[in-house]
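Before any comments, here is the structure.
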Amino acid sequence: MASAKRHFAEEDNSRSSKESKESESEASPSSLRVLLNPADCDLDFNIDCNGLVGYGLHEEGFAYCWSGARANMGITGGRYCFGCKVVSAQPVDMQDTAPEQQHVCRLGISRGDDVVGNLGESRHSFGYGGTGKFSNAGRFLNFGDKFGVGDTIVCCVDLESKPLACVGFSKNGKWLGAATEFDAGSLGLGVVDSPLGNLQWTSALFSACAVEKCYGPDAVQC
């Protein structure tokens, strides 16, 4: 009897170990979908369409607010890209604001512990905006072209580039070039070989825009 019990116990342990490994395999990063993260966005930011479409509230005073979100996964090395298509301009009442400033989108990357709504305005984030400006640490420089509804922007980051990592963008399939180089190591941004954090895809949106995100192999065809 004791031998039979031991035999069944060994079978149960073997089955549990197999199920545990299968569960770990199913949850591996390669099998997870990259989506906008509802737990890492501004309170006035909405996420629709299975996590790939995002927009901010735009009624009344919300029209003047920037709001944004990050993806549910980050990176600590390699070369990656993601796409973003501006799909619509939301109706707003902003008579005191120039028309070209009423529907603006900015996208890029930031460190995972950075404030999500500060894209391009903090030292640990980089953003490219619809006004044709690239920004980092609150410094805005002319870059690329202006963009708006119907345009697709792809953000590319190379953390393997030596001696410095780089980030660049394309618009509607046209490469605009590298926007800047930066130190991704522990003495710089702190995402490579550092316990400080990882680099996450992010988009900060003016609340009068809606965008559709493309991650993975679909990014270059967004």
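In the structure tokens, each chain is lettered A, B, ... as it comes, each chain's residues begin at 1, and ligands are numbered from 1 in order of appearance.
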
Original post:
Could you write out, as number ranges by chain, all the residues of region 40-171 of chain A that DSSP marks as strand (DSSP E)?
Top reply: A: 40-41, 45-48, 53-56, 66-75, 79-89, 105-111, 125-129, 133-136, 139-142, 152-158, 165-171

Determine, counting only C-alpha atoms, which protein, DNA and RNA residues have an atom within 8 Å of an atom of Val149 (chain A); residues of the same chain fewer than 6 positions away are not included. Present the result as an mmCIF file with all heavy atoms, in the first residue's frame.
data_model
loop_
_atom_site.group_PDB
_atom_site.id
_atom_site.type_symbol
_atom_site.label_atom_id
_atom_site.label_comp_id
_atom_site.auth_asym_id
_atom_site.auth_seq_id
_atom_site.Cartn_x
_atom_site.Cartn_y
_atom_site.Cartn_z
ATOM 1 N N LYS A 85 -0.602 55.170 -35.777
ATOM 2 C CA LYS A 85 -1.350 55.871 -36.816
ATOM 3 C C LYS A 85 -2.366 56.797 -36.170
ATOM 4 O O LYS A 85 -3.146 56.381 -35.313
ATOM 5 C CB LYS A 85 -2.072 54.884 -37.739
ATOM 6 C CG LYS A 85 -2.838 55.564 -38.864
ATOM 7 C CD LYS A 85 -3.447 54.553 -39.828
ATOM 8 C CE LYS A 85 -4.164 55.250 -40.981
ATOM 9 N NZ LYS A 85 -4.717 54.275 -41.937
ATOM 10 N N VAL A 86 -2.342 58.067 -36.567
ATOM 11 C CA VAL A 86 -3.315 59.033 -36.057
ATOM 12 C C VAL A 86 -4.608 58.821 -36.837
ATOM 13 O O VAL A 86 -4.677 59.096 -38.038
ATOM 14 C CB VAL A 86 -2.815 60.486 -36.223
ATOM 15 C CG1 VAL A 86 -3.780 61.449 -35.544
ATOM 16 C CG2 VAL A 86 -1.418 60.646 -35.640
ATOM 17 N N VAL A 87 -5.631 58.312 -36.166
ATOM 18 C CA VAL A 87 -6.835 57.891 -36.883
ATOM 19 C C VAL A 87 -7.951 58.924 -36.890
ATOM 20 O O VAL A 87 -8.837 58.880 -37.758
ATOM 21 C CB VAL A 87 -7.377 56.559 -36.307
ATOM 22 C CG1 VAL A 87 -6.384 55.439 -36.548
ATOM 23 C CG2 VAL A 87 -7.680 56.681 -34.821
ATOM 24 N N SER A 88 -7.937 59.872 -35.949
ATOM 25 C CA SER A 88 -9.011 60.872 -35.964
ATOM 26 C C SER A 88 -8.652 62.076 -35.123
ATOM 27 O O SER A 88 -7.804 62.016 -34.236
ATOM 28 C CB SER A 88 -10.328 60.274 -35.443
ATOM 29 O OG SER A 88 -10.239 59.963 -34.063
ATOM 30 N N ALA A 89 -9.293 63.200 -35.447
ATOM 31 C CA ALA A 89 -9.208 64.425 -34.649
ATOM 32 C C ALA A 89 -10.554 64.611 -33.970
ATOM 33 O O ALA A 89 -11.597 64.620 -34.628
ATOM 34 C CB ALA A 89 -8.876 65.624 -35.532
#

Original post:
Out of A:Leu43, A:Leu189, A:Leu52, A:Ala137, which residue has the shortest atom-to-atom distance to Leu119 (chain A) when counting only C-alpha atoms?
Top reply: A:Ala137

Subject >> Contacts of Ile153 (chain A) at 12 Å (only C-alpha atoms; same-chain gap of 5+ positions) as a PyMOL selection string >> reply: chain A and resi 81-87+105-108+127-130+132+144-148+168-176+203+211-214+219-222

Subject >> CA of Gln90 (chain A) to CA of Asn37 (chain A), straight-line distance in Å >> reply: 21.9 Å

**OP:** Using only C-alpha atoms, determine which residues lie at most 10 Å from Ala69 (chain A), disregarding the query and same-chain residues fewer than 3 positions distant; provide the list as number ranges by chain.
**Re:** A: 36-43, 45-47, 54-56, 72, 107, 115-117, 119, 201-205

Same residues, N, CA and C atoms, output as a CSV table (one decimal), in the first residue's frame:
chain,number,residue,atom,x,y,z
A,36,LEU,N,-1.5,48.7,-25.1
A,36,LEU,CA,-1.5,49.8,-24.2
A,36,LEU,C,-1.9,49.4,-22.8
A,37,ASN,N,-1.3,49.9,-21.8
A,37,ASN,CA,-1.5,49.4,-20.5
A,37,ASN,C,-2.5,50.2,-19.7
A,38,PRO,N,-3.7,49.7,-19.4
A,38,PRO,CA,-4.6,50.5,-18.6
A,38,PRO,C,-4.2,50.9,-17.2
A,39,ALA,N,-3.1,50.1,-16.7
A,39,ALA,CA,-2.6,50.4,-15.4
A,39,ALA,C,-1.5,51.4,-15.4
A,40,ASP,N,-1.1,51.8,-16.6
A,40,ASP,CA,0.1,52.8,-16.7
A,40,ASP,C,-0.3,53.9,-17.7
A,41,CYS,N,-1.4,54.6,-17.4
A,41,CYS,CA,-1.8,55.7,-18.2
A,41,CYS,C,-2.4,56.8,-17.3
A,42,ASP,N,-2.7,58.0,-17.9
A,42,ASP,CA,-3.3,59.1,-17.2
A,42,ASP,C,-4.8,58.7,-17.0
A,43,LEU,N,-5.4,59.3,-15.9
A,43,LEU,CA,-6.8,59.0,-15.6
A,43,LEU,C,-7.8,59.4,-16.7
A,45,PHE,N,-7.3,59.1,-19.9
A,45,PHE,CA,-6.9,58.4,-21.1
A,45,PHE,C,-7.8,57.1,-21.2
A,46,ASN,N,-8.4,56.9,-22.4
A,46,ASN,CA,-9.2,55.8,-22.7
A,46,ASN,C,-8.5,54.8,-23.7
A,47,ILE,N,-8.7,53.5,-23.4
A,47,ILE,CA,-8.1,52.5,-24.3
A,47,ILE,C,-9.2,51.6,-24.8
A,54,GLY,N,-6.0,54.4,-28.5
A,54,GLY,CA,-6.0,55.2,-27.3
A,54,GLY,C,-6.4,56.7,-27.7
A,55,TYR,N,-7.0,57.3,-26.7
A,55,TYR,CA,-7.4,58.7,-26.9
A,55,TYR,C,-7.7,59.3,-25.5
A,56,GLY,N,-7.6,60.6,-25.4
A,56,GLY,CA,-7.9,61.3,-24.1
A,56,GLY,C,-9.3,61.9,-24.1
A,72,ASN,N,2.4,47.6,-22.2
A,72,ASN,CA,2.5,46.7,-21.0
A,72,ASN,C,3.8,45.9,-20.9
A,107,LEU,N,4.8,61.0,-29.7
A,107,LEU,CA,5.0,59.6,-29.3
A,107,LEU,C,6.5,59.4,-29.2
A,115,VAL,N,7.2,59.6,-15.2
A,115,VAL,CA,5.8,60.0,-15.3
A,115,VAL,C,5.3,59.9,-16.7
A,116,VAL,N,4.2,59.1,-16.9
A,116,VAL,CA,3.7,58.8,-18.2
A,116,VAL,C,3.4,60.0,-19.1
A,117,GLY,N,2.8,61.0,-18.4
A,117,GLY,CA,2.4,62.2,-19.2
A,117,GLY,C,3.5,63.2,-19.5
A,119,LEU,N,6.2,62.8,-21.5
A,119,LEU,CA,7.0,62.3,-22.6
A,119,LEU,C,7.7,63.5,-23.3
A,201,TRP,N,7.8,51.5,-24.4
A,201,TRP,CA,7.1,52.3,-25.5
A,201,TRP,C,6.0,53.1,-24.9
A,202,THR,N,5.9,54.3,-25.3
A,202,THR,CA,4.9,55.2,-24.7
A,202,THR,C,4.4,56.2,-25.8
A,203,SER,N,3.2,56.7,-25.6
A,203,SER,CA,2.6,57.7,-26.4
A,203,SER,C,1.9,58.7,-25.5
A,204,ALA,N,2.2,60.0,-25.7
A,204,ALA,CA,1.5,61.0,-25.0
A,204,ALA,C,0.7,61.8,-26.0
A,205,LEU,N,-0.6,61.9,-25.8
A,205,LEU,CA,-1.5,62.4,-26.8
A,205,LEU,C,-2.2,63.6,-26.3

Give me the residues near Val157 (chain A) as an mmCIF file with N, CA, C and O atoms, in the first residue's frame, where near means some atom within 9 Å (using only C-alpha atoms) and where sequence neighbours in that chain fewer than 4 positions away do not count.
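Writing the result to around21.cif gives the following:
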data_model
loop_
_atom_site.group_PDB
_atom_site.id
_atom_site.type_symbol
_atom_site.label_atom_id
_atom_site.label_comp_id
_atom_site.auth_asym_id
_atom_site.auth_seq_id
_atom_site.Cartn_x
_atom_site.Cartn_y
_atom_site.Cartn_z
ATOM 1 N N GLY A 78 18.644 45.208 -27.214
ATOM 2 C CA GLY A 78 18.189 44.848 -28.546
ATOM 3 C C GLY A 78 17.762 46.028 -29.393
ATOM 4 O O GLY A 78 18.000 47.194 -29.063
ATOM 5 N N ARG A 79 17.076 45.699 -30.495
ATOM 6 C CA ARG A 79 16.572 46.703 -31.430
ATOM 7 C C ARG A 79 15.080 46.464 -31.632
ATOM 8 O O ARG A 79 14.677 45.349 -31.949
ATOM 9 N N TYR A 80 14.286 47.494 -31.461
ATOM 10 C CA TYR A 80 12.835 47.341 -31.535
ATOM 11 C C TYR A 80 12.196 48.555 -32.208
ATOM 12 O O TYR A 80 12.798 49.638 -32.274
ATOM 13 N N CYS A 81 10.963 48.370 -32.682
ATOM 14 C CA CYS A 81 10.211 49.487 -33.222
ATOM 15 C C CYS A 81 8.721 49.277 -32.970
ATOM 16 O O CYS A 81 8.283 48.158 -32.713
ATOM 17 N N ILE A 109 9.562 57.104 -26.429
ATOM 18 C CA ILE A 109 9.921 56.134 -25.409
ATOM 19 C C ILE A 109 10.284 56.844 -24.116
ATOM 20 O O ILE A 109 10.729 57.988 -24.117
ATOM 21 N N ALA A 165 23.462 54.419 -27.612
ATOM 22 C CA ALA A 165 22.190 53.957 -28.173
ATOM 23 C C ALA A 165 21.564 55.100 -28.965
ATOM 24 O O ALA A 165 21.981 56.264 -28.846
ATOM 25 N N CYS A 166 20.547 54.811 -29.769
ATOM 26 C CA CYS A 166 19.919 55.871 -30.546
ATOM 27 C C CYS A 166 18.435 55.588 -30.741
ATOM 28 O O CYS A 166 17.980 54.452 -30.629
ATOM 29 N N VAL A 167 17.691 56.648 -31.037
ATOM 30 C CA VAL A 167 16.270 56.537 -31.327
ATOM 31 C C VAL A 167 15.979 57.352 -32.574
ATOM 32 O O VAL A 167 16.522 58.452 -32.762
ATOM 33 N N GLY A 168 15.157 56.810 -33.481
ATOM 34 C CA GLY A 168 14.819 57.503 -34.717
ATOM 35 C C GLY A 168 13.379 57.229 -35.104
ATOM 36 O O GLY A 168 12.683 56.412 -34.478
ATOM 37 N N PHE A 169 12.911 57.892 -36.166
ATOM 38 C CA PHE A 169 11.498 57.804 -36.537
ATOM 39 C C PHE A 169 11.347 57.778 -38.056
ATOM 40 O O PHE A 169 12.207 58.260 -38.804
#

Subject >> Asn118 (chain A) surroundings by only C-alpha atoms, 9 Å radius, close-in-sequence under 6 positions cut, as a list in words >> reply: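 What passes the distance filter is Gly68, Ser110, Ser125, Gly138 and Ala204 of chain A.
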
**OP:** Looking only at helix (DSSP H, G or I) from DSSP on the backbone, list the matching residues of region 22-192 of chain A as a list in words.
**Re:** Glu22, Ser23, Glu24, Ser25, Glu26, Pro29, Ser30, Ser31, Cys49, Asn50, Gly51, Glu60, Gly61, Phe62, Ala63, Tyr64, Pro99, Glu100, Gln101, Val116, Gly117 and Asn118 of chain A

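CA of Gly177 (chain A) sits 23.6 Å away from CA of Asn198 (chain A).
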
**OP:** Please measure the separation of CA of Lys133 (chain A) and CA of Val154 (chain A), giving the value in Å to one decimal.
**Re:** 15.0 Å
